[in-house]
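With compact mmCIF, C-alpha atoms inside, this is model-v3.txt:
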# COMPACT_ATOMS: atom_id res chain seq x y z
CA MET P 1 15.80 -116.87 18.92
CA ALA P 2 16.38 -115.31 22.36
CA ARG P 3 19.11 -113.16 20.83
CA TYR P 4 16.67 -111.66 18.30
CA ILE P 5 14.09 -110.97 20.98
CA ALA P 6 16.73 -109.22 23.10
CA GLN P 7 17.80 -107.10 20.09
CA LEU P 8 14.17 -106.26 19.38
CA ILE P 9 13.61 -105.17 22.98
CA ILE P 10 16.76 -103.03 22.95
CA ALA P 11 15.85 -101.40 19.63
CA GLY P 12 12.31 -100.73 20.79
CA SER P 13 13.45 -99.15 24.04
CA GLN P 14 15.92 -96.92 22.13
CA VAL P 15 13.13 -95.69 19.85
CA ILE P 16 10.84 -95.00 22.79
CA GLY P 17 13.66 -93.24 24.65
CA ARG P 18 14.41 -90.95 21.71
CA ALA P 19 10.73 -90.16 21.22
CA PHE P 20 10.33 -89.34 24.91
CA ALA P 21 13.41 -87.08 24.86
CA ARG P 22 12.13 -85.27 21.76
CA ALA P 23 8.67 -84.79 23.30
CA LEU P 24 10.20 -83.49 26.52
CA LYS P 25 12.36 -81.02 24.60
CA GLN P 26 9.33 -79.77 22.64
CA GLU P 27 7.32 -79.35 25.84
CA ILE P 28 10.09 -77.33 27.48
CA GLU P 29 10.35 -75.06 24.43
CA ALA P 30 6.56 -74.60 24.34
CA SER P 31 6.51 -73.74 28.05
CA GLN P 32 9.28 -71.19 27.60
CA GLN P 33 7.48 -69.59 24.66
CA ALA P 34 4.21 -69.44 26.61
CA ALA P 35 5.96 -67.85 29.58
CA GLN P 36 7.55 -65.33 27.25
CA ARG P 37 4.19 -64.46 25.66
CA LEU P 38 2.53 -64.06 29.03
CA GLY P 39 5.39 -61.91 30.27
CA GLN P 40 5.18 -59.49 27.34
CA ALA P 41 1.94 -57.94 28.50
CA LYS P 42 2.06 -54.16 28.46
CA THR P 43 -0.17 -53.30 31.40
CA ARG P 44 -0.78 -54.85 34.78
CA SER P 45 -4.41 -55.64 33.94
CA GLU P 46 -3.29 -57.40 30.75
CA ARG P 47 -0.77 -59.51 32.71
CA VAL P 48 -3.46 -60.43 35.24
CA ALA P 49 -5.91 -61.39 32.48
CA ASN P 50 -3.24 -63.44 30.71
CA GLN P 51 -2.47 -65.39 33.87
CA LYS P 52 -6.09 -65.77 34.91
CA LEU P 53 -7.32 -67.01 31.54
CA GLY P 54 -4.11 -68.69 30.39
CA LEU P 55 -4.01 -66.97 27.00
CA SER P 56 -2.63 -63.71 25.75
CA LEU P 57 -4.79 -61.42 23.67
CA VAL P 58 -2.66 -62.12 20.59
CA GLU P 59 -3.02 -65.88 21.08
CA ALA P 60 -6.79 -65.61 21.48
CA LYS P 61 -7.05 -63.57 18.28
CA GLN P 62 -4.96 -66.14 16.43
CA ILE P 63 -7.07 -69.05 17.64
CA LEU P 64 -10.32 -67.46 16.51
CA ASN P 65 -8.67 -65.84 13.48
CA ILE P 66 -9.86 -62.34 14.37
CA SER P 67 -8.13 -59.12 13.34
CA LYS P 68 -10.12 -56.59 15.40
CA LEU P 69 -12.33 -56.89 18.46
CA SER P 70 -16.01 -56.91 17.61
CA LYS P 71 -18.67 -58.86 19.46
CA GLU P 72 -20.35 -60.08 16.26
CA GLU P 73 -17.12 -61.36 14.68
CA ILE P 74 -16.10 -63.13 17.88
CA GLU P 75 -19.49 -64.87 18.18
CA GLU P 76 -19.49 -65.86 14.51
CA LYS P 77 -15.96 -67.32 14.57
CA TYR P 78 -16.54 -68.99 17.93
CA SER P 79 -19.74 -70.70 16.78
CA SER P 80 -18.28 -71.96 13.51
CA LEU P 81 -15.04 -73.25 15.07
CA PHE P 82 -16.78 -74.83 18.05
CA LYS P 83 -19.25 -76.67 15.80
CA ALA P 84 -16.49 -77.73 13.38
CA ASN P 85 -14.56 -79.36 16.24
CA GLU P 86 -17.60 -80.76 18.01
CA ASN P 87 -16.83 -84.41 17.28
CA THR P 88 -13.07 -84.20 16.90
CA SER P 89 -11.09 -82.79 19.78
CA LEU P 90 -12.02 -81.74 23.28
CA TYR P 91 -8.63 -80.02 23.52
CA LEU P 92 -9.34 -77.82 20.50
CA GLN P 93 -12.79 -77.01 21.80
CA SER P 94 -11.35 -75.95 25.16
CA LYS P 95 -8.80 -73.71 23.39
CA ILE P 96 -11.63 -72.12 21.40
CA VAL P 97 -13.67 -71.54 24.57
CA ARG P 98 -10.66 -70.03 26.38
CA ALA P 99 -9.94 -67.76 23.41
CA LYS P 100 -13.54 -66.52 23.41
CA GLU P 101 -13.40 -65.92 27.17
CA ARG P 102 -10.17 -63.93 26.78
CA LEU P 103 -11.61 -61.80 23.97
CA ASP P 104 -14.86 -61.25 25.88
CA HIS P 105 -12.80 -60.16 28.89
CA GLU P 106 -10.90 -57.70 26.70
CA LEU P 107 -14.15 -56.33 25.22
CA LYS P 108 -15.59 -55.87 28.69
CA ASN P 109 -12.47 -54.02 29.83
CA SER P 110 -12.40 -51.78 26.76
CA ASP P 111 -16.10 -50.94 27.19
CA SER P 112 -15.62 -50.02 30.86
CA SER P 113 -12.54 -47.90 30.06
CA LYS P 114 -14.54 -46.05 27.37
CA GLU P 115 -17.27 -45.35 29.92
CA ASN P 116 -14.67 -44.04 32.39
CA ILE P 117 -13.25 -41.72 29.74
CA LYS P 118 -16.73 -40.40 28.89
CA GLU P 119 -17.43 -39.82 32.59
CA ASN P 120 -14.13 -37.98 33.02
CA ILE P 121 -14.81 -35.80 29.97
CA GLY P 122 -18.30 -35.01 31.24
CA ALA P 123 -16.96 -34.17 34.70
CA SER P 124 -14.25 -31.91 33.29
CA ARG P 125 -16.81 -30.04 31.15
CA ASP P 126 -19.01 -29.45 34.20
CA SER P 127 -16.20 -27.86 36.18
Would you put the structure from the file into structure tokens?
Amino acid sequence: MARYIAQLIIAGSQVIGRAFARALKQEIEASQQAAQRLGQAKTRSERVANQKLGLSLVEAKQILNISKLSKEEIEEKYSSLFKANENTSLYLQSKIVRAKERLDHELKNSDSSKENIKENIGASRDS
């Protein structure tokens, strides 16, 4: 009887050990991929936003399933996904919130850059 219990304990610890090793390997690969995505930013402001918000623009678009940046589409997708995951996963909800924050940040930056371009065009016409 003691022999069977010992074999059971050994087998169980081997299974747990393999599962832990597999999970650790997956986590390392995911971390490397995330670092790679964050490092592929084209501009300094994009790198800063990626690090500050923890998501790249591409990732945020994928999470909310958005092809182009429009305030209405972002709000619509955000609302539907947030409500769909309301009672399921706090993790998914936080990813959805972070994706919306990242896209809102990008919209804000694109709006301010458009205003700067208009100001520069107006100033060049005046001179």
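Interatomic distance, atom CA of Val58 of chain P to atom CA of Leu92 of chain P: 17.1 Å.
Using all atoms listed in the file for every distance, the candidate list P:Arg18, P:Lys25, P:Arg3, P:Lys100 yields P:Lys100 as the residue closest to Leu69 of chain P.
Taking atom CA of Ser70 of chain P as the reference point, atom CA of Glu106 of chain P is found at 10.5 Å.
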### Query
So which residues touch Ala99 of chain P within 8 Å, counting all atoms listed in the file, skipping near sequence neighbours fewer than 2 positions away, as a VMD selection string?
chain P and resid 55 59 to 61 63 to 64 95 to 97 101 to 103
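Counting all atoms listed in the file and comparing P:Ser56, P:Thr88, P:Gln33, P:Gln7, the residue that lies closest to His105 of chain P is P:Ser56.
What separates atom CA of Lys68 of chain P from atom CA of Asp104 of chain P is a distance of 12.4 Å.
Closest approach to Lys77 of chain P among P:Ala19, P:Leu24, P:Ser94, P:Gln62 is made by P:Gln62 (distances from all atoms listed in the file).
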